[in-house]
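Trainee: Coordinates in start-v2.cif, mmCIF, C-alpha atoms, are listed below.
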```cif
data_structure
#
loop_
_atom_site.label_atom_id
_atom_site.label_comp_id
_atom_site.auth_asym_id
_atom_site.auth_seq_id
_atom_site.Cartn_x
_atom_site.Cartn_y
_atom_site.Cartn_z
CA MET U 1 0.00 0.00 0.00
CA ALA U 2 2.80 2.38 0.93
CA LEU U 3 4.56 1.50 -2.31
CA ARG U 4 1.43 2.36 -4.30
CA ALA U 5 1.18 5.71 -2.53
CA VAL U 6 4.81 6.46 -3.34
CA ILE U 7 4.28 5.55 -7.01
CA VAL U 8 1.19 7.77 -7.24
CA LEU U 9 3.03 10.64 -5.56
CA LEU U 10 5.98 10.23 -7.92
CA MET U 11 3.63 10.27 -10.90
CA LEU U 12 1.94 13.41 -9.65
CA SER U 13 5.11 15.13 -8.49
CA PRO U 14 5.68 17.10 -11.71
CA CYS U 15 2.50 19.07 -10.95
CA PHE U 16 3.40 20.10 -7.43
CA GLY U 17 6.26 22.46 -8.09
CA CYS U 18 4.71 24.46 -10.87
CA ALA U 19 1.65 26.55 -11.45
CA THR U 20 -0.98 25.42 -13.95
CA VAL U 21 -0.12 26.65 -17.43
CA LYS U 22 -3.02 28.81 -18.61
CA PRO U 23 -4.67 28.14 -21.98
CA TRP U 24 -3.32 31.39 -23.45
CA ASP U 25 0.21 30.25 -22.55
CA ARG U 26 -0.04 27.01 -24.48
CA GLY U 27 0.76 28.27 -27.94
CA MET U 28 4.08 26.45 -28.09
CA LEU U 29 2.60 23.27 -26.65
CA ALA U 30 -0.18 23.31 -29.26
CA LYS U 31 2.22 23.00 -32.18
CA PRO U 32 2.02 19.57 -33.86
CA LYS U 33 5.73 18.98 -33.37
CA MET U 34 5.20 19.20 -29.58
CA ALA U 35 2.42 16.60 -29.50
CA VAL U 36 3.12 13.21 -27.97
CA GLY U 37 2.59 10.75 -30.81
CA SER U 38 2.03 13.50 -33.35
CA ASP U 39 2.07 11.24 -36.44
CA PRO U 40 0.33 7.91 -35.74
CA LEU U 41 0.95 6.56 -39.25
CA ALA U 42 4.68 7.23 -39.09
CA SER U 43 4.82 5.82 -35.54
CA GLN U 44 3.01 2.68 -36.64
CA LEU U 45 5.50 1.94 -39.42
CA GLU U 46 8.41 2.83 -37.16
CA GLN U 47 7.27 0.51 -34.34
CA HIS U 48 6.60 -2.14 -36.99
CA VAL U 49 10.33 -2.11 -37.83
CA TYR U 50 11.39 -2.38 -34.20
CA GLN U 51 8.92 -4.94 -32.89
CA TYR U 52 10.03 -7.67 -35.32
CA ARG U 53 13.73 -7.10 -34.70
CA GLU U 54 13.93 -6.47 -30.96
CA GLY U 55 12.75 -8.40 -27.92
CA ALA U 56 10.94 -5.44 -26.39
CA VAL U 57 7.57 -3.93 -27.17
CA GLY U 58 5.18 -1.43 -25.56
CA GLY U 59 5.80 1.45 -23.21
CA TYR U 60 4.81 4.19 -25.62
CA GLY U 61 1.15 4.38 -24.62
CA SER U 62 -1.88 5.85 -26.27
CA VAL U 63 -2.37 9.21 -24.55
CA GLY U 64 -1.89 11.89 -27.15
CA GLY U 65 -3.05 14.88 -25.18
CA GLY U 66 -1.75 16.45 -22.06
CA CYS U 67 -1.88 20.03 -23.20
CA GLY U 68 -5.62 20.44 -23.64
CA CYS U 69 -5.05 21.59 -27.20
CA ASN U 70 -5.72 18.53 -29.33
CA MET I 1 -11.42 -27.05 -39.07
CA ALA I 2 -8.37 -26.83 -41.30
CA ARG I 3 -6.54 -23.54 -41.05
CA ARG I 4 -7.16 -22.54 -44.68
CA ASP I 5 -10.93 -23.12 -44.22
CA ARG I 6 -10.87 -21.14 -41.02
CA THR I 7 -9.14 -18.23 -42.75
CA VAL I 8 -11.86 -18.19 -45.40
CA ALA I 9 -14.55 -18.42 -42.71
CA ILE I 10 -13.16 -15.47 -40.81
CA GLY I 11 -12.55 -13.58 -44.06
CA LEU I 12 -16.26 -13.24 -44.78
CA PRO I 13 -17.25 -11.36 -41.62
CA VAL I 14 -14.16 -9.24 -42.03
CA ALA I 15 -15.20 -8.32 -45.56
CA ALA I 16 -18.66 -7.44 -44.24
CA LEU I 17 -17.13 -5.38 -41.45
CA THR I 18 -14.82 -3.60 -43.88
CA ALA I 19 -17.77 -2.80 -46.15
CA PHE I 20 -19.71 -1.51 -43.14
CA ALA I 21 -16.75 0.63 -42.11
CA ALA I 22 -16.43 2.00 -45.65
CA CYS I 23 -20.16 2.88 -45.72
CA PHE I 24 -19.88 4.45 -42.27
CA LEU I 25 -16.88 6.46 -43.39
CA ALA I 26 -18.61 7.54 -46.60
CA SER I 27 -21.73 8.66 -44.73
CA ALA I 28 -19.55 10.48 -42.23
CA VAL I 29 -17.76 12.28 -45.03
CA ALA I 30 -21.07 13.17 -46.67
CA SER I 31 -22.50 14.59 -43.48
CA ALA I 32 -19.38 16.53 -42.67
CA GLN I 33 -19.77 19.04 -45.48
CA ASP I 34 -19.80 21.97 -43.08
CA GLN I 35 -16.68 20.86 -41.28
CA PRO I 36 -13.32 20.55 -43.06
CA LEU I 37 -12.40 17.47 -41.10
CA VAL I 38 -11.66 14.74 -43.59
CA ALA I 39 -8.10 13.52 -43.95
CA VAL I 40 -6.52 10.94 -46.22
CA ASP I 41 -2.89 9.91 -45.81
CA ALA I 42 -0.63 7.37 -47.48
CA ARG I 43 2.83 6.29 -46.45
CA THR I 44 5.13 3.80 -48.10
CA SER I 45 8.45 2.48 -46.86
CA LEU I 46 11.19 0.28 -48.24
CA TYR I 47 13.37 -1.69 -45.82
CA GLU I 48 16.53 -3.44 -46.93
CA ASP I 49 19.23 -5.09 -44.82
CA THR I 50 22.43 -7.09 -45.20
CA ASP I 51 20.61 -10.26 -44.10
CA ALA I 52 19.09 -10.54 -47.60
CA THR I 53 15.70 -9.15 -46.50
CA THR I 54 13.62 -6.56 -48.33
CA ILE I 55 10.27 -5.34 -47.01
CA SER I 56 7.96 -2.95 -48.76
CA THR I 57 5.18 -1.56 -46.57
CA THR I 58 2.37 0.69 -47.76
CA ILE I 59 -0.42 2.07 -45.61
CA VAL I 60 -3.40 4.15 -46.69
CA ALA I 61 -5.49 5.73 -43.94
CA ALA I 62 -8.59 7.91 -43.87
CA GLN I 63 -10.44 9.65 -41.09
CA ALA I 64 -13.50 11.86 -40.86
CA SER I 65 -15.36 13.77 -38.17
CA PRO I 66 -19.12 13.68 -38.81
CA ILE I 67 -19.58 15.81 -35.70
CA GLU I 68 -17.00 17.77 -33.78
CA GLU I 69 -16.50 15.23 -31.00
CA VAL I 70 -16.45 12.06 -33.09
CA THR I 71 -13.83 10.71 -35.46
CA VAL I 72 -14.13 7.53 -37.49
CA SER I 73 -11.07 6.09 -39.14
CA GLY I 74 -9.76 3.16 -41.10
CA HIS I 75 -6.63 1.96 -42.81
CA TYR I 76 -5.32 -0.69 -45.15
CA LEU I 77 -1.73 -1.90 -44.95
CA ALA I 78 0.23 -4.24 -47.20
CA ASP I 79 3.62 -5.74 -46.33
CA ILE I 80 5.56 -7.47 -49.09
CA ILE I 81 8.48 -9.44 -47.67
CA THR I 82 11.26 -10.99 -49.73
CA THR I 83 13.93 -12.81 -47.78
CA ALA I 84 16.74 -15.33 -47.90
CA SER I 85 17.96 -14.52 -44.38
CA VAL I 86 20.11 -16.84 -42.25
CA ASP I 87 16.88 -18.06 -40.60
CA VAL I 88 15.54 -19.18 -43.96
CA VAL I 89 18.82 -20.64 -45.16
CA SER I 90 19.42 -22.56 -41.91
CA ALA I 91 15.93 -24.08 -42.24
CA ALA I 92 17.20 -25.60 -45.51
CA THR I 93 14.59 -23.78 -47.58
CA ARG I 94 15.00 -21.36 -50.44
CA GLY I 95 14.23 -17.70 -50.12
CA TRP I 96 10.57 -16.78 -50.21
CA GLU I 97 8.22 -13.88 -50.77
CA GLU I 98 4.90 -13.28 -49.08
CA THR I 99 2.37 -10.51 -48.59
CA ARG I 100 0.55 -9.53 -45.43
CA HIS I 101 -2.69 -7.59 -45.61
CA GLU I 102 -4.09 -5.58 -42.71
CA ALA I 103 -7.43 -3.76 -42.51
CA ALA I 104 -8.53 -1.65 -39.56
CA ALA I 105 -11.52 0.42 -38.53
CA GLY I 106 -12.04 2.54 -35.45
CA ALA I 107 -14.02 5.30 -33.84
CA ALA I 108 -13.11 7.87 -31.23
CA PHE I 109 -14.98 10.37 -29.07
CA GLN I 110 -13.21 13.41 -27.64
CA ASP I 111 -15.08 16.26 -25.97
CA GLY I 112 -12.02 18.22 -24.91
CA THR I 113 -11.76 16.56 -21.51
CA VAL I 114 -12.81 12.95 -21.95
CA GLY I 115 -11.66 10.67 -24.75
CA VAL I 116 -12.89 7.18 -25.61
CA SER I 117 -11.85 5.10 -28.59
CA GLY I 118 -12.29 1.60 -29.93
CA GLY I 119 -10.90 -0.27 -32.88
CA TYR I 120 -10.65 -3.52 -34.75
CA VAL I 121 -7.74 -4.84 -36.85
CA TYR I 122 -7.67 -7.88 -39.11
CA SER I 123 -4.36 -9.14 -40.45
CA VAL I 124 -3.76 -12.07 -42.80
CA GLU I 125 -0.85 -13.69 -44.63
CA ASN I 126 -0.37 -17.13 -46.08
CA ASP I 127 0.58 -18.76 -42.76
CA TRP I 128 -0.89 -16.40 -40.14
CA SER I 129 -4.11 -14.53 -39.44
CA SER I 130 -5.19 -12.41 -36.48
CA HIS I 131 -8.08 -10.41 -35.09
CA THR I 132 -7.49 -7.57 -32.63
CA VAL I 133 -10.01 -5.50 -30.70
CA SER I 134 -8.93 -2.52 -28.61
CA LEU I 135 -10.45 0.03 -26.27
CA ALA I 136 -8.94 3.14 -24.75
CA GLY I 137 -10.12 5.97 -22.55
CA SER I 138 -8.55 9.13 -21.19
CA ARG I 139 -9.50 12.12 -19.08
CA ASP I 140 -7.91 15.52 -18.50
CA PHE I 141 -7.58 16.95 -15.00
CA VAL I 142 -6.46 20.24 -13.42
CA GLU I 143 -7.35 22.50 -16.36
CA HIS I 144 -5.88 20.02 -18.85
CA THR I 145 -2.57 19.94 -17.03
CA LEU I 146 -2.81 16.18 -16.42
CA THR I 147 -4.15 13.50 -18.72
CA PHE I 148 -4.63 9.96 -17.48
CA GLY I 149 -5.49 7.12 -19.77
CA LEU I 150 -6.28 3.42 -19.74
CA ASN I 151 -6.13 1.10 -22.70
CA GLY I 152 -6.54 -2.58 -23.42
CA SER I 153 -6.56 -4.96 -26.35
CA PHE I 154 -7.07 -8.60 -27.17
CA THR I 155 -5.65 -10.46 -30.16
CA ALA I 156 -6.46 -13.97 -31.37
CA ASN I 157 -3.90 -15.40 -33.80
CA ALA I 158 -4.15 -18.52 -35.97
CA VAL I 159 -0.66 -19.80 -36.82
CA GLY I 160 -0.07 -22.06 -39.80
CA ARG I 161 2.92 -23.40 -41.74
CA ARG I 162 3.55 -22.95 -45.44
CA ASP I 163 2.65 -26.04 -47.52
CA ASP I 164 1.47 -27.90 -44.40
CA PRO I 165 -2.34 -27.84 -43.98
CA THR I 166 -2.12 -30.10 -40.91
CA PHE I 167 -0.20 -27.46 -38.91
CA ASP I 168 -2.71 -25.46 -36.87
CA GLU I 169 -1.73 -23.55 -33.73
CA SER I 170 -3.20 -20.65 -31.76
CA LEU I 171 -1.72 -17.69 -29.94
CA TYR I 172 -3.69 -15.26 -27.76
CA GLN I 173 -2.50 -11.89 -26.52
CA GLY I 174 -4.04 -9.57 -23.96
CA SER I 175 -2.58 -6.18 -23.16
CA GLY I 176 -3.33 -3.34 -20.78
CA GLY I 177 -1.78 0.05 -20.39
CA LEU I 178 -1.71 3.04 -18.10
CA ASP I 179 -0.75 6.42 -19.50
CA ALA I 180 -0.16 9.78 -17.90
CA ALA I 181 0.79 13.05 -19.58
CA PHE I 182 1.79 16.24 -17.77
CA VAL I 183 2.13 19.86 -18.83
CA LEU I 184 5.24 20.87 -16.89
CA THR I 185 5.65 24.41 -18.21
CA LYS I 186 4.52 26.35 -21.26
CA ARG I 187 7.50 24.78 -23.07
CA ASP I 188 7.63 21.27 -21.59
CA LEU I 189 5.50 18.15 -21.84
CA LEU I 190 6.17 14.84 -20.05
CA ALA I 191 4.36 11.57 -20.74
CA ALA I 192 4.78 8.19 -19.03
CA SER I 193 3.30 4.86 -20.10
CA TYR I 194 3.24 1.40 -18.61
CA THR I 195 2.27 -1.59 -20.76
CA LEU I 196 1.54 -5.14 -19.60
CA ILE I 197 1.28 -7.83 -22.27
CA VAL I 198 0.39 -11.46 -21.62
CA LEU I 199 0.77 -14.00 -24.42
CA THR I 200 -0.33 -17.60 -24.25
CA GLY I 201 -0.09 -20.24 -26.94
CA TYR I 202 2.30 -21.09 -29.76
CA GLN I 203 5.14 -18.55 -29.83
CA SER I 204 7.88 -20.43 -31.68
CA SER I 205 8.65 -20.03 -35.36
CA PRO I 206 7.32 -23.01 -37.33
CA TYR I 207 10.31 -22.67 -39.68
CA ARG I 208 13.14 -22.32 -37.17
CA PHE I 209 15.27 -25.30 -36.16
CA VAL I 210 17.73 -25.48 -33.27
CA TYR I 211 21.02 -27.37 -33.36
CA PHE I 212 22.08 -29.39 -30.33
CA GLN I 213 24.27 -32.32 -29.34
CA ASP I 214 23.29 -35.57 -27.72
CA PRO I 215 25.88 -36.60 -25.10
CA ASN I 216 25.31 -40.21 -26.20
CA LEU I 217 26.04 -39.35 -29.84
CA PRO I 218 28.82 -36.75 -29.59
CA GLU I 219 29.89 -37.23 -33.22
CA TYR I 220 26.54 -35.93 -34.52
CA GLN I 221 24.99 -32.51 -34.53
CA LEU I 222 21.23 -32.92 -34.21
CA SER I 223 18.45 -30.48 -34.91
CA ALA I 224 14.89 -30.07 -33.68
CA PRO I 225 12.08 -27.53 -34.08
CA GLU I 226 12.42 -24.48 -31.86
CA VAL I 227 10.43 -24.65 -28.61
CA VAL I 228 9.78 -21.64 -26.37
CA PRO I 229 7.44 -21.36 -23.34
CA ASN I 230 3.71 -21.08 -24.04
CA LEU I 231 3.32 -18.20 -21.58
CA ARG I 232 5.07 -14.84 -21.78
CA VAL I 233 4.43 -11.88 -19.47
CA ARG I 234 5.98 -8.63 -20.67
CA HIS I 235 6.34 -5.25 -18.92
CA ALA I 236 7.39 -1.96 -20.49
CA LEU I 237 7.69 1.47 -18.92
CA GLY I 238 8.38 4.43 -21.15
CA VAL I 239 8.87 8.14 -20.60
CA ARG I 240 8.72 10.82 -23.28
CA TYR I 241 9.72 14.43 -22.87
CA ASN I 242 9.13 17.22 -25.38
CA HIS I 243 10.76 20.63 -25.00
CA HIS I 244 10.04 23.68 -27.14
CA MET I 245 13.47 25.25 -27.52
CA PHE I 246 13.16 28.44 -29.55
CA ARG I 247 11.25 29.81 -32.53
CA ASP I 248 9.83 26.75 -34.27
CA THR I 249 12.18 24.15 -32.78
CA ALA I 250 11.36 21.19 -30.54
CA LEU I 251 13.51 18.56 -28.85
CA ARG I 252 11.81 15.21 -28.31
CA LEU I 253 13.39 12.62 -25.99
CA HIS I 254 12.29 9.15 -24.98
CA LEU I 255 13.49 6.44 -22.61
CA ARG I 256 12.09 2.95 -22.10
CA GLY I 257 12.80 0.02 -19.82
CA TYR I 258 11.52 -3.46 -20.58
CA LEU I 259 11.58 -6.88 -18.90
CA ASP I 260 9.73 -10.15 -19.28
CA ASP I 261 9.54 -13.55 -17.63
CA TRP I 262 11.67 -15.11 -20.39
CA GLY I 263 14.57 -13.19 -18.87
CA ILE I 264 14.88 -10.43 -21.45
CA LEU I 265 15.90 -7.08 -20.03
CA SER I 266 16.34 -4.10 -22.32
CA GLY I 267 16.66 -0.36 -22.50
CA THR I 268 15.80 2.05 -25.31
CA THR I 269 16.59 5.73 -25.64
CA GLY I 270 16.28 8.25 -28.41
CA ALA I 271 16.13 11.90 -29.39
CA GLU I 272 14.74 13.93 -32.25
CA LEU I 273 15.33 17.56 -33.06
CA VAL I 274 12.54 19.08 -35.14
CA VAL I 275 12.99 22.48 -36.77
CA GLY I 276 10.35 24.36 -38.75
CA PHE I 277 11.14 26.82 -41.56
CA GLY I 278 7.77 28.19 -42.61
CA VAL I 279 6.03 25.49 -44.66
CA LEU I 280 9.06 23.21 -44.31
CA GLU I 281 9.79 21.02 -41.31
CA THR I 282 13.02 19.07 -40.86
CA GLY I 283 14.02 16.55 -38.27
CA VAL I 284 17.11 14.55 -37.31
CA PHE I 285 16.85 11.60 -34.96
CA VAL I 286 18.89 8.90 -33.22
CA ARG I 287 17.79 5.85 -31.27
CA GLY I 288 19.74 3.24 -29.32
CA TYR I 289 18.73 -0.14 -27.91
CA VAL I 290 20.49 -2.68 -25.70
CA GLN I 291 19.17 -6.13 -24.79
CA LYS I 292 20.13 -8.99 -22.47
CA ALA I 293 19.23 -12.45 -23.83
CA ALA I 294 16.35 -14.69 -22.78
CA SER I 295 17.38 -17.08 -20.01
CA PHE I 296 17.01 -20.15 -22.24
CA TYR I 297 18.79 -18.70 -25.28
CA GLN I 298 22.05 -20.33 -26.42
CA ASP I 299 23.79 -20.06 -29.75
CA GLY I 300 24.35 -23.83 -29.61
CA TYR I 301 22.96 -26.35 -27.11
CA ASP I 302 25.09 -29.11 -25.55
CA ALA I 303 22.01 -31.31 -24.95
CA ARG I 304 18.30 -31.33 -25.62
CA TYR I 305 16.46 -28.89 -23.32
CA VAL I 306 12.76 -28.25 -22.80
CA ASN I 307 13.06 -24.75 -24.28
CA MET I 308 15.51 -24.11 -27.10
CA THR I 309 15.58 -21.19 -29.52
CA ALA I 310 17.72 -19.97 -32.39
CA ASP I 311 15.93 -16.63 -32.53
CA ARG I 312 18.52 -13.85 -32.67
CA GLU I 313 15.86 -11.41 -31.43
CA LEU I 314 16.04 -13.33 -28.11
CA SER I 315 19.85 -13.09 -27.94
CA SER I 316 22.02 -10.33 -26.46
CA PHE I 317 22.57 -7.45 -28.86
CA ILE I 318 22.69 -3.72 -29.34
CA ASP I 319 21.37 -1.64 -32.20
CA ALA I 320 21.36 1.98 -33.29
CA PHE I 321 19.11 3.85 -35.70
CA GLY I 322 19.62 7.34 -37.06
CA GLY I 323 18.28 9.47 -39.86
CA ALA I 324 16.63 12.60 -41.11
CA ARG I 325 13.33 13.71 -42.57
CA VAL I 326 11.93 16.69 -44.36
CA ALA I 327 8.23 17.53 -44.60
CA VAL I 328 6.25 20.24 -46.31
CA HIS I 329 2.78 21.53 -45.35
CA SER I 330 0.89 23.79 -47.73
CA GLY I 331 -1.58 25.17 -45.21
CA ALA I 332 -4.95 26.26 -46.63
CA LEU I 333 -4.86 25.94 -50.41
CA SER I 334 -7.95 26.05 -52.62
CA VAL I 335 -10.46 23.50 -51.26
CA PHE I 336 -7.81 21.87 -49.09
CA GLU I 337 -7.21 22.70 -45.49
CA ASP I 338 -3.74 21.19 -45.85
CA LEU I 339 -1.63 19.26 -48.32
CA ARG I 340 1.46 17.55 -46.98
CA ALA I 341 4.37 15.38 -48.04
CA GLU I 342 7.35 13.89 -46.24
CA LEU I 343 10.59 12.13 -47.13
CA LYS I 344 12.44 10.17 -44.47
CA ALA I 345 15.63 8.12 -44.53
CA THR I 346 16.90 5.91 -41.70
CA GLY I 347 20.09 3.89 -41.39
CA PHE I 348 20.65 1.21 -38.76
CA ALA I 349 23.17 -1.30 -37.44
CA PHE I 350 22.84 -4.32 -35.15
CA LYS I 351 25.65 -6.04 -33.27
CA PHE I 352 24.78 -9.56 -32.03
CA PHE I 353 27.04 -10.77 -29.23
CA ASP I 354 26.08 -14.44 -29.26
CA PHE I 355 24.77 -15.34 -32.70
CA GLU I 356 27.61 -16.75 -34.77
CA ARG I 357 25.71 -17.03 -38.05
CA LEU I 358 25.05 -13.29 -38.16
CA PRO I 359 27.39 -11.21 -35.96
CA SER I 360 26.07 -7.95 -37.38
CA ARG I 361 23.38 -6.52 -39.62
CA GLN I 362 23.08 -3.13 -41.31
CA GLY I 363 20.35 -1.63 -43.39
CA ILE I 364 18.28 1.32 -44.53
CA VAL I 365 14.63 2.33 -44.43
CA ALA I 366 13.34 4.92 -46.91
CA GLU I 367 9.86 6.41 -46.53
CA LEU I 368 7.59 8.65 -48.57
CA ALA I 369 4.32 10.05 -47.23
CA VAL I 370 1.62 12.22 -48.76
CA GLY I 371 -1.64 13.46 -47.30
CA ALA I 372 -4.53 15.86 -47.70
CA SER I 373 -7.15 17.38 -45.38
CA LEU I 374 -10.44 18.83 -46.56
#
```
Would you mind writing the structure in this file as structure tokens?
Mentor:
Amino acid sequence: MALRAVIVLLMLSPCFGCATVKPWDRGMLAKPKMAVGSDPLASQLEQHVYQYREGAVGGYGSVGGGCGCN
Amino acid sequence: MARRDRTVAIGLPVAALTAFAACFLASAVASAQDQPLVAVDARTSLYEDTDATTISTTIVAAQASPIEEVTVSGHYLADIITTASVDVVSAATRGWEETRHEAAAGAAFQDGTVGVSGGYVYSVENDWSSHTVSLAGSRDFVEHTLTFGLNGSFTANAVGRRDDPTFDESLYQGSGGLDAAFVLTKRDLLAASYTLIVLTGYQSSPYRFVYFQDPNLPEYQLSAPEVVPNLRVRHALGVRYNHHMFRDTALRLHLRGYLDDWGILSGTTGAELVVGFGVLETGVFVRGYVQKAASFYQDGYDARYVNMTADRELSSFIDAFGGARVAVHSGALSVFEDLRAELKATGFAFKFFDFERLPSRQGIVAELAVGASL
């Protein structure tokens, strides 16, 4: 239980030390090149190359937002 | 039921589903006349390596938003593989060529705070077919500063063997993921993802043979079909960090750790610098990977073991990828909201530490993409 609490706190820790970025301050974050997983087609072909040649897979998730601008 | 018959049997509902998806997409496009939210993209790549393998992959994808919150999408992908790799040669067969077809359809809802999506993928080749269903959901918190997501998928695979209608195996895969994305500052984004994958069923290659020695017959080198465990539990944890540097320039970094109950432990890291010059966008990228072998992997076995593999992807190795890309976006032009094209070139090298038949492998991947939004 304590371990879970620590993990949750670690995951949330980036939000504690900084103020919420207001919508009007998100211009740079809204650019396509700043999006996480900005080109799904390119990512799909790229991961296709790796997953058949390496023993690892996963870890790149499906959340594409995070900036409230998608 | 023989595998070939089963493939035909599952092909019919897939064709019906694909037709349904096409009709759904067409009606969505028709009803979206007031909203310029239709996009069609195509991307083709050519892979070639020093292990006598060439792969041509082409994907065509379309998506439409009949209403602001809903997107429907679909794609078709074809992989044409020509190979005479050491795997093929050591199985005492000639080189071969085969084509894999993949069709997918999906729908997503996003209201600005909550996102839900679902999809279906069907893939078929001469000795393999699979069905995958997936679901994902996400929600933004704290004025869109945090996004948490959950996703899951299930895949049923039917595994066959070329020219052997009696060979009929199954492989099932379930996966689940947790995602979190954070807005750190007005220039910085951080995303973390954990993926759990459980596979059960036939996971060997039906064409791969393993060489071993029998202590009672030391003068002979014997061979047997590869055998790996039926169960595999895989864990991956990845972190991505994007930083807006200056003007139209972004630095994108990623780091991933992976382990599974076959004993594989690996790390991946990479970086991409993306620079915009008006309608042009350029990027340079590097990626590195290091892997420790599966616990039962050996390049040669001194006796017959329960699990034996000759799969170099389960051995210890390192690899590095690097390349560059250039893309152009027209912006609004005539009836188009955007026209785009991209060229990308990647070079790579592998160094295998315990695979005598192929100590290293180098290659290139060239890609061309075009797309349009209405």
Trainee: May I ask for the distance between atom CA of I:Leu77 and atom CA of I:Arg232, given in Å to one decimal place?
Mentor: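 Result for atom CA of I:Leu77 versus atom CA of I:Arg232: 27.4 Å, one decimal.
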Trainee: Can you tell me, as an mmCIF file with C-alpha atoms, keeping the file's coordinate frame, what residues are no more than 6 Å from I:Glu281 when counting all atoms listed in the file, ignoring any on the same chain fewer than 4 positions away?
Mentor:
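Generated output (part_15.cif):
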```cif
data_model
loop_
_atom_site.group_PDB
_atom_site.id
_atom_site.type_symbol
_atom_site.label_atom_id
_atom_site.label_comp_id
_atom_site.auth_asym_id
_atom_site.auth_seq_id
_atom_site.Cartn_x
_atom_site.Cartn_y
_atom_site.Cartn_z
ATOM 1 C CA VAL I 275 12.990 22.480 -36.770
ATOM 2 C CA GLY I 276 10.350 24.360 -38.750
ATOM 3 C CA PHE I 277 11.140 26.820 -41.560
ATOM 4 C CA VAL I 326 11.930 16.690 -44.360
ATOM 5 C CA ALA I 327 8.230 17.530 -44.600
#
```
Trainee: Atom CA of I:Gln291 to atom CA of I:Ser315: how many Å, to one decimal?
Mentor: 7.7 Å
Trainee: For the provided coordinates, the residues matched by the PyMOL selection byres ((chain I and resi 143-159) around 8) should be stated as a PyMOL selection string.
Mentor: (chain U and resi 15+20-22+62-63+65-68) or (chain I and resi 3+113+127-142+160-161+167-184+202)
Trainee: Find the residue from I:Ala369, I:Val306, I:Thr249, I:Leu265 that sits nearest to U:Lys33; use all atoms listed in the file when measuring.
Mentor: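 Result for the nearest residue to U:Lys33: I:Thr249.
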